[in-house]
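model.cif (mmCIF, C-alpha atoms)
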data_input
#
loop_
_atom_site.label_atom_id
_atom_site.label_comp_id
_atom_site.auth_asym_id
_atom_site.auth_seq_id
_atom_site.Cartn_x
_atom_site.Cartn_y
_atom_site.Cartn_z
CA MET A 1 12.27 4.23 -0.90
CA LYS A 2 10.33 5.25 -4.03
CA LYS A 3 11.07 1.85 -5.60
CA LEU A 4 9.82 0.11 -2.46
CA ILE A 5 6.54 2.04 -2.48
CA ALA A 6 6.07 1.46 -6.21
CA LYS A 7 6.60 -2.29 -5.83
CA ALA A 8 4.26 -2.45 -2.84
CA VAL A 9 1.51 -0.57 -4.70
CA LEU A 10 1.98 -2.80 -7.74
CA SER A 11 1.69 -5.90 -5.57
CA VAL A 12 -1.55 -4.61 -4.06
CA ALA A 13 -2.93 -3.72 -7.48
CA LEU A 14 -2.22 -7.20 -8.82
CA MET A 15 -3.65 -9.06 -5.82
CA SER A 16 -6.73 -6.96 -4.99
CA PRO A 17 -10.08 -8.10 -6.29
CA LEU A 18 -11.85 -5.57 -8.50
CA PRO A 19 -15.65 -5.36 -8.21
CA MET A 20 -17.37 -5.28 -11.58
CA VAL A 21 -20.98 -4.69 -12.57
CA ALA A 22 -22.14 -5.85 -16.02
CA ASP A 23 -25.16 -3.58 -16.30
CA GLU A 24 -25.88 -0.56 -14.11
CA THR A 25 -29.61 -0.74 -14.77
CA VAL A 26 -29.76 -3.94 -12.69
CA ILE A 27 -28.94 -1.97 -9.53
CA ASP A 28 -31.84 0.21 -8.44
CA GLN A 29 -31.44 3.50 -6.57
CA GLU A 30 -32.40 2.07 -3.16
CA MET A 31 -29.80 -0.66 -3.38
CA ARG A 32 -27.15 1.84 -4.53
CA HIS A 33 -27.97 4.13 -1.57
CA ASN A 34 -27.57 1.23 0.89
CA VAL A 35 -24.23 0.22 -0.61
CA ASN A 36 -22.89 3.80 -0.47
CA SER A 37 -23.94 4.37 3.15
CA GLU A 38 -22.03 1.44 4.64
CA PHE A 39 -18.43 0.77 5.54
CA MET A 40 -16.25 -1.34 3.29
CA PHE A 41 -13.21 -3.30 4.48
CA LEU A 42 -10.44 -4.79 2.36
CA ILE A 43 -7.39 -6.77 3.47
CA SER A 44 -4.85 -8.02 0.93
CA PRO A 45 -1.43 -9.69 1.30
CA MET A 46 1.55 -8.17 -0.49
CA PHE A 47 4.77 -9.72 -1.76
CA GLY A 48 7.69 -8.19 -3.62
CA TYR A 49 11.46 -7.86 -3.75
CA ASN A 50 13.78 -5.15 -2.42
CA ARG A 51 17.16 -4.50 -4.03
CA ASP A 52 19.23 -2.58 -1.51
CA GLU A 53 22.68 -1.05 -1.97
CA LEU A 54 24.68 0.00 1.10
CA THR A 55 27.85 2.12 0.78
CA MET A 56 30.04 2.66 3.85
CA ARG A 57 33.62 3.48 4.78
CA GLY A 58 35.82 0.74 6.20
CA GLY A 59 39.39 -0.42 6.58
CA PRO A 60 42.13 1.39 8.49
CA GLY A 61 41.23 5.05 8.98
CA GLY A 62 38.04 4.67 6.96
CA ARG A 63 39.88 5.06 3.65
CA ASP A 64 38.20 2.15 1.85
CA ILE A 65 34.67 2.41 0.49
CA ILE A 66 32.72 -0.82 0.81
CA THR A 67 29.54 -1.38 -1.22
CA THR A 68 27.15 -4.19 -0.36
CA THR A 69 24.22 -5.12 -2.58
CA ASP A 70 21.44 -7.36 -1.33
CA THR A 71 18.10 -8.49 -2.76
CA LYS A 72 15.53 -9.80 -0.30
CA PRO A 73 11.79 -10.47 -0.40
CA ILE A 74 9.31 -8.01 1.09
CA TYR A 75 6.25 -9.31 2.90
CA GLY A 76 3.36 -7.04 3.62
CA LEU A 77 -0.29 -6.47 4.29
CA TYR A 78 -2.59 -3.83 2.85
CA ALA A 79 -5.76 -2.85 4.68
CA MET A 80 -8.44 -0.33 3.76
CA MET A 81 -11.56 0.90 5.52
CA ALA A 82 -13.88 3.11 3.48
CA SER A 83 -17.12 4.93 4.08
CA PRO A 84 -18.79 7.47 1.79
CA ARG A 85 -16.84 10.39 3.34
CA PHE A 86 -13.81 8.84 5.06
CA VAL A 87 -11.09 6.40 3.88
CA ILE A 88 -8.14 4.90 5.79
CA ASN A 89 -5.37 3.01 3.91
CA ASP A 90 -2.58 1.15 5.69
CA PHE A 91 0.54 -0.54 4.26
CA LEU A 92 2.47 -2.76 6.68
CA PHE A 93 5.67 -4.36 5.33
CA TYR A 94 8.73 -6.31 6.51
CA THR A 95 12.08 -7.07 4.84
CA GLU A 96 15.65 -7.99 5.87
CA PRO A 97 18.15 -6.15 3.61
CA ASN A 98 21.87 -6.39 4.50
CA ASP A 99 21.18 -8.44 7.66
CA ALA A 100 18.96 -5.72 9.15
CA ASP A 101 15.29 -6.04 10.10
CA VAL A 102 13.08 -3.37 8.49
CA LEU A 103 9.47 -3.06 9.58
CA GLY A 104 7.47 -0.22 8.07
CA ASN A 105 3.96 1.11 8.32
CA LEU A 106 2.41 3.77 6.06
CA ILE A 107 -1.06 4.98 6.99
CA PHE A 108 -3.19 7.49 5.10
CA ALA A 109 -6.50 9.06 6.10
CA ASN A 110 -8.69 10.94 3.62
CA ILE A 111 -11.81 12.96 4.35
CA TYR A 112 -14.20 13.80 1.52
CA GLY A 113 -16.91 16.46 1.33
CA ASN A 114 -20.59 16.04 0.67
CA PRO A 115 -21.00 13.65 -2.31
CA ASP A 116 -24.31 15.29 -3.32
CA ALA A 117 -22.98 18.86 -3.41
CA THR A 118 -21.61 20.44 -6.58
CA LEU A 119 -18.67 21.99 -4.75
CA THR A 120 -17.42 21.17 -1.24
#

Taking this structure as input, can you express it in the form of structure tokens?
Amino acid sequence: MKKLIAKAVLSVALMSPLPMVADETVIDQEMRHNVNSEFMFLISPMFGYNRDELTMRGGPGGRDIITTTDTKPIYGLYAMMASPRFVINDFLFYTEPNDADVLGNLIFANIYGNPDATLT
């Protein structure tokens, strides 16, 4: 599971656009206040691979141990909604390891304190 999350995060990091500003003096305080007071939305596709190993007992009486290894692609979607004090992140992914359908959804919600206060 940790490998799956790491690969999903890496896929998002590689595909997400990064906003860059060449010179901060170009942006005046009024414009910066308007940008910080609005909602921001981001949607990004994800793609990766899942290497899955399944160990189970089989044969007569369950005496044999059968190991199946399968590598399948993972398809996903990352979505984020952010405001100055609240952020929601959502990872939705789908894969088919060992002839099984796996659909997952990880959602995180973060609340932040007052950005102007020294300590919140």

(message) Under the rule that all atoms listed in the file are counted, which of A:Met46, A:Ile74, A:Leu106, A:Met56 is the nearest residue to A:Asp90?
(response)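 Using all atoms listed in the file, A:Asp90 sits closest to A:Leu106.
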
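The shell of residues at most 12 Å from stretch 87-89 of chain A, with all atoms listed in the file counted and near chain neighbours (fewer than 5 positions) removed, consists of Val9, Val12, Phe39, Met40, Phe41, Leu42, Ile43, Ser44, Leu77, Tyr78, Ala79, Met80, Met81, Ala82, Asn105, Leu106, Ile107, Phe108, Ala109, Asn110, Ile111, Tyr112 and Gly113 of chain A.
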
(request) To one decimal in Å, tell me the separation between atom CA of A:Asp101 and atom CA of A:Asp64. (result)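 Going from atom CA of A:Asp101 over to atom CA of A:Asp64, I get 25.7 Å.
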
Where's the centre, and what are the edge lengths in Å to one decimal, of a box along x, y and z enclosing all listed atoms of stretch 91-108 of chain A padded 8 Å per side, as lines of an AutoDock Vina configuration file?
center_x = 9.3
center_y = -0.5
center_z = 6.9
size_x = 41.1
size_y = 31.9
size_z = 22.5

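Among the candidates A:Asp52, A:Glu38, A:Asp116, A:Asp99, the one nearest to A:Phe86 when counting only C-alpha atoms is A:Glu38.
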
(request) Tell me which protein, DNA and RNA residues are within 10 Å of A:Arg57, counting all atoms listed in the file, leaving out same-chain ones fewer than 6 positions away, and put them as an MDAnalysis selection string. (result) chainID A and resid 63:67

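With all atoms listed in the file as the atoms that count, the minimum distance from A:Asp70 to the choices A:Asn114, A:Thr55, A:Ser83, A:Asn50 is reached by A:Asn50.
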
(request) Name every residue that the PyMOL selection byres ((chain A and resi 53) around 6) selects in this structure, writing the answer as number ranges by chain with chains first and numbers rising. (result) A: 52, 54, 68-69

(request) Go ahead and compute the interatomic distance for atom CA of A:Pro73 and atom CA of A:Gly58, in Å to one decimal. (result) 27.3 Å

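When atom CA of A:Val102 is paired with atom CA of A:Pro45, their separation reads 17.4 Å.
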
(message) Once the PyMOL selection byres ((chain A and resi 75) around 10) is applied to the coordinates I shared, what remains selected? I want it as a VMD selection string.
(response) chain A and resid 8 45 to 49 72 to 74 76 to 77 92 to 96 103
